[in-house]
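Let me begin by presenting the structure, written as structure tokens, before commenting on it.
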Amino acid sequence: MVAASLIFYAGWDYRFVPLLVFSGVVDFFVAQQIEGHTEQRRRKQWLFVSLFVNLGILGIFKYSNFMIDSVQETLSFFGVPVSLGTLEVVLPVGISFYTFQSMSYTIDVYRRETKARHNFVPFFATLSFFPQLVAGPILRAKQILPQIERFPDVTPENVKFGFVLITMGLFKKTIADLLSSPAQTLFNSDAPLSWIETVTGVLAFAGQIYGDFSGYSDIAIGIALLLGIQIPLNFNTPYFALSPVDFWKRWHISLSSWLRDYLYISLGGNRNGRQIRNVFITMLLGGLWHGAAWTFVIWGAYHGVIISATHMLRGTALGQWLAGIKLRAFRWLQWLFTFYLVCIGWVFFRAESVQDALTIIAALHSPGSAVEAQPFAGGLLAMVAVAILLIHCIDYGIVHGRELITRRYARFVPLLILGLTFTILIGEPGYEFIYFQF
């Protein structure tokens, strides 16, 4: 397993294999020191070593140039133009994922939620587990380490469901690649577009990032099942959410739960009346985790605001009254408004600059745009909506249909795989997975 993972990672760039090994060696040693000390002060000091090393690696490779550029822009704004230069560094693929996984191990040992391991090979196999190494889901040592230490038997049900997940993940990726064209038309265009083309582009990116990322997660989970390893699902029909809080319980579940358990709770959670502050800080840093750009910072802050507003509304009489409404039409309105808020956030996530994002959002709210739409724009919008719904149907089947797939309808699995594989083969050439950049 370790050999396969290192070969897999070296296939991207062999120069960063030592960095992965270094991160694992440090946290393997640090966890033993934390467990070996009873004095709380010494335990905390060793935990800080782990955090310093992991966050330092992230800071150097991912955020150093962003910070240098920000300082230069700030000084220039105040009339002090300087040229500080930038570091010539390449971002190691998957660095944000495996540093979070490694930190979760030392934090769990510090909290006495798991035992420090004294056999490096199983621990490093956990950290470098190749199916999800470069784009998640983000695993915690206590989720996967016990499985790798004993390697469960590979059951026929797991093999069947694993192949279904791999095929469905590739199918989602195929749909996502088809949606990339209208998204690029909007976000990479210098010329103004009509309102309907703007709406189509925003919806296309919402579908693209959902199909692309959830597709990768499905493939990773499916490959793990072929090895007998159970990885939790990472998506649960997120665009069916009825509030921003509900959305983050369904989208990138491994990241949202990691931020909740290791950052939000560490900040104090909802104790001492600081829930709103802690939610905002958590989402702000969650946005920065995604990328070193102000667009990601604003995206995280934006979600922090709408989640905080949701919590504040729930604590009012109006919020309690709204929660008591059982009308189906009201639920549709909740869904529509939540999806609208999420799509506004995706504009900041995808845009090349804050100014571009604001321009697109302004165009999105200008249905009387004077720019004429292309003749096929309306039909393309309908196709995008159908594609997003199709991805959701696949997601719903994965979440709720495992029993049916592996047992009741097991004889149809080969036909399902063949049909989806045919669709994948006739699709357009694929693009790199979006979350490889994080």
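Convention: chains lettered A, B, ... in structure tokens order; per-chain residue numbering from 1; ligands numbered from 1 as shown.
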
Would you tabulate, counting only C-alpha atoms, all residues of segment 105-223 of chain A that have an atom at most 9 Å from an atom of segment 19-25 of chain A, showing the closest pair of atoms and their distance in Å to one decimal, sorted by chain then ascending number, as a Markdown table?
| residue | atom | partner | partner_atom | distance |
| --- | --- | --- | --- | --- |
| A:Phe120 | CA | A:Val25 | CA | 8.0 |
| A:Phe123 | CA | A:Gly24 | CA | 8.0 |
| A:Phe124 | CA | A:Gly24 | CA | 6.2 |
| A:Leu127 | CA | A:Gly24 | CA | 6.9 |
| A:Ser128 | CA | A:Leu20 | CA | 7.7 |

May I have the selected residues written with N, CA, C and O atoms, as a compact mmCIF listing (two decimals), in the first residue's frame?
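Just written: selection-v6.txt:
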# COMPACT_ATOMS: atom_id res chain seq x y z
N PHE A 120 5.32 2.53 12.11
CA PHE A 120 5.23 3.63 11.15
C PHE A 120 4.53 3.23 9.85
O PHE A 120 3.83 4.05 9.26
N PHE A 123 0.72 3.58 9.80
CA PHE A 123 0.39 5.00 9.93
C PHE A 123 0.64 5.74 8.63
O PHE A 123 -0.20 6.52 8.15
N PHE A 124 1.79 5.50 8.00
CA PHE A 124 2.10 6.21 6.77
C PHE A 124 1.22 5.74 5.62
O PHE A 124 0.88 6.52 4.72
N LEU A 127 -1.78 7.91 5.97
CA LEU A 127 -1.57 9.29 5.54
C LEU A 127 -1.46 9.40 4.03
O LEU A 127 -1.96 10.37 3.43
N SER A 128 -0.83 8.41 3.39
CA SER A 128 -0.57 8.49 1.95
C SER A 128 -1.53 7.65 1.12
O SER A 128 -1.24 7.38 -0.05

Q: Identify, on the basis of only C-alpha atoms, every residue whose closest approach to segment 315-332 of chain A does not exceed 12 Å; exclude the query and any residue fewer than 4 positions from it along the same chain; express the result as a PyMOL selection string.
A: chain A and resi 240-243+276+308-311+336-339

Q) Near segment 202-216 of chain A, within 7 Å and counting only C-alpha atoms, which residues show up once chain neighbours fewer than 5 positions away are dropped, as a list in words? A)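 Near segment 202-216 of chain A, the qualifying residues are Gly169, Leu170, Lys172, Lys173, Ile175, Ala176, Asp177, Leu179, Ser180, Pro182, Ala183, Phe235, Cys343, Trp346, Val347, Val384, Ile388, Ile391, Phe433, Ile434 and Tyr435 of chain A.
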
Selection to disk with C-alpha atoms, as a JSON list (two decimals), in the first residue's frame:
[["chain", "number", "residue", "atom", "x", "y", "z"],
["A", 169, "GLY", "CA", -18.02, 8.95, -10.50],
["A", 170, "LEU", "CA", -16.59, 8.86, -14.02],
["A", 172, "LYS", "CA", -20.41, 12.58, -13.11],
["A", 173, "LYS", "CA", -17.00, 13.78, -14.28],
["A", 175, "ILE", "CA", -21.17, 15.58, -17.24],
["A", 176, "ALA", "CA", -19.00, 18.09, -15.38],
["A", 177, "ASP", "CA", -16.63, 18.37, -18.35],
["A", 179, "LEU", "CA", -20.69, 21.83, -18.35],
["A", 180, "SER", "CA", -17.24, 23.42, -18.36],
["A", 182, "PRO", "CA", -20.69, 27.39, -20.83],
["A", 183, "ALA", "CA", -18.96, 28.13, -17.51],
["A", 235, "PHE", "CA", -21.67, 14.41, -0.66],
["A", 343, "CYS", "CA", -24.70, 30.11, -6.61],
["A", 346, "TRP", "CA", -19.79, 30.14, -6.56],
["A", 347, "VAL", "CA", -19.29, 33.35, -8.56],
["A", 384, "VAL", "CA", -27.56, 22.70, -17.86],
["A", 388, "ILE", "CA", -27.47, 19.28, -12.55],
["A", 391, "ILE", "CA", -25.98, 14.53, -11.06],
["A", 433, "PHE", "CA", -10.18, 17.59, -11.53],
["A", 434, "ILE", "CA", -10.91, 21.04, -10.11],
["A", 435, "TYR", "CA", -9.83, 20.20, -6.56]]

Q) Rounded to one decimal in Å, what is the spacing between atom CA of Leu381 of chain A and atom CA of Thr198 of chain A? A) 9.8 Å

Q) Running DSSP on the backbone, which parts of segment 181-238 of chain A land in helix (DSSP H, G or I), as JSON, numbers by chain? A) {"A": [181, 182, 183, 184, 185, 186, 187, 195, 196, 197, 198, 199, 200, 201, 202, 203, 204, 205, 206, 207, 208, 209, 210, 211, 212, 213, 214, 215, 216, 217, 218, 219, 220, 221, 222, 223, 224, 225, 226, 238]}

Output C-alpha atoms of each residue in that selection to a file, as a PDB file, in the first residue's frame.
ATOM      1  CA  SER A 181     -17.764  25.067 -21.757  1.00  0.00           C
ATOM      2  CA  PRO A 182     -20.692  27.393 -20.832  1.00  0.00           C
ATOM      3  CA  ALA A 183     -18.959  28.128 -17.505  1.00  0.00           C
ATOM      4  CA  GLN A 184     -15.748  29.155 -19.266  1.00  0.00           C
ATOM      5  CA  THR A 185     -17.743  31.256 -21.728  1.00  0.00           C
ATOM      6  CA  LEU A 186     -18.936  33.368 -18.806  1.00  0.00           C
ATOM      7  CA  PHE A 187     -15.922  33.483 -16.507  1.00  0.00           C
ATOM      8  CA  TRP A 195     -28.675  37.859 -18.748  1.00  0.00           C
ATOM      9  CA  ILE A 196     -29.681  34.368 -19.856  1.00  0.00           C
ATOM     10  CA  GLU A 197     -26.072  33.530 -20.798  1.00  0.00           C
ATOM     11  CA  THR A 198     -24.905  34.807 -17.416  1.00  0.00           C
ATOM     12  CA  VAL A 199     -27.452  32.644 -15.598  1.00  0.00           C
ATOM     13  CA  THR A 200     -26.451  29.674 -17.748  1.00  0.00           C
ATOM     14  CA  GLY A 201     -22.760  30.179 -16.993  1.00  0.00           C
ATOM     15  CA  VAL A 202     -23.291  30.437 -13.238  1.00  0.00           C
ATOM     16  CA  LEU A 203     -25.517  27.346 -13.178  1.00  0.00           C
ATOM     17  CA  ALA A 204     -23.054  25.493 -15.408  1.00  0.00           C
ATOM     18  CA  PHE A 205     -20.223  26.100 -12.949  1.00  0.00           C
ATOM     19  CA  ALA A 206     -22.452  25.068 -10.031  1.00  0.00           C
ATOM     20  CA  GLY A 207     -23.079  21.785 -11.842  1.00  0.00           C
ATOM     21  CA  GLN A 208     -19.477  21.431 -12.988  1.00  0.00           C
ATOM     22  CA  ILE A 209     -17.876  21.762  -9.570  1.00  0.00           C
ATOM     23  CA  TYR A 210     -20.503  19.467  -8.024  1.00  0.00           C
ATOM     24  CA  GLY A 211     -20.129  16.734 -10.646  1.00  0.00           C
ATOM     25  CA  ASP A 212     -16.357  17.109 -10.808  1.00  0.00           C
ATOM     26  CA  PHE A 213     -15.648  16.988  -7.074  1.00  0.00           C
ATOM     27  CA  SER A 214     -18.327  14.505  -6.035  1.00  0.00           C
ATOM     28  CA  GLY A 215     -17.279  12.364  -9.010  1.00  0.00           C
ATOM     29  CA  TYR A 216     -13.695  12.231  -7.760  1.00  0.00           C
ATOM     30  CA  SER A 217     -14.911  11.394  -4.253  1.00  0.00           C
ATOM     31  CA  ASP A 218     -17.048   8.537  -5.616  1.00  0.00           C
ATOM     32  CA  ILE A 219     -14.081   7.140  -7.553  1.00  0.00           C
ATOM     33  CA  ALA A 220     -11.847   7.330  -4.471  1.00  0.00           C
ATOM     34  CA  ILE A 221     -14.444   5.657  -2.249  1.00  0.00           C
ATOM     35  CA  GLY A 222     -15.048   2.975  -4.892  1.00  0.00           C
ATOM     36  CA  ILE A 223     -11.342   2.120  -5.264  1.00  0.00           C
ATOM     37  CA  ALA A 224     -11.027   1.943  -1.476  1.00  0.00           C
ATOM     38  CA  LEU A 225     -13.940  -0.520  -1.357  1.00  0.00           C
ATOM     39  CA  LEU A 226     -12.104  -2.779  -3.819  1.00  0.00           C
ATOM     40  CA  PRO A 238     -26.174  19.317  -1.403  1.00  0.00           C
TER      41      PRO A 238
END

Q: Excluding Leu55 of chain A and residues on its chain fewer than 6 positions from it, collect all residues at most 10 Å away from it, counting only C-alpha atoms, and give them as a ChimeraX atom specification.
A: /A:49,62,96,99-100,103

**Q.** Counting only C-alpha atoms, the residue of A:Pro81, A:Pro122, A:Gly59, A:Gly269 that sits nearest Ala141 of chain A
**A.** A:Pro122
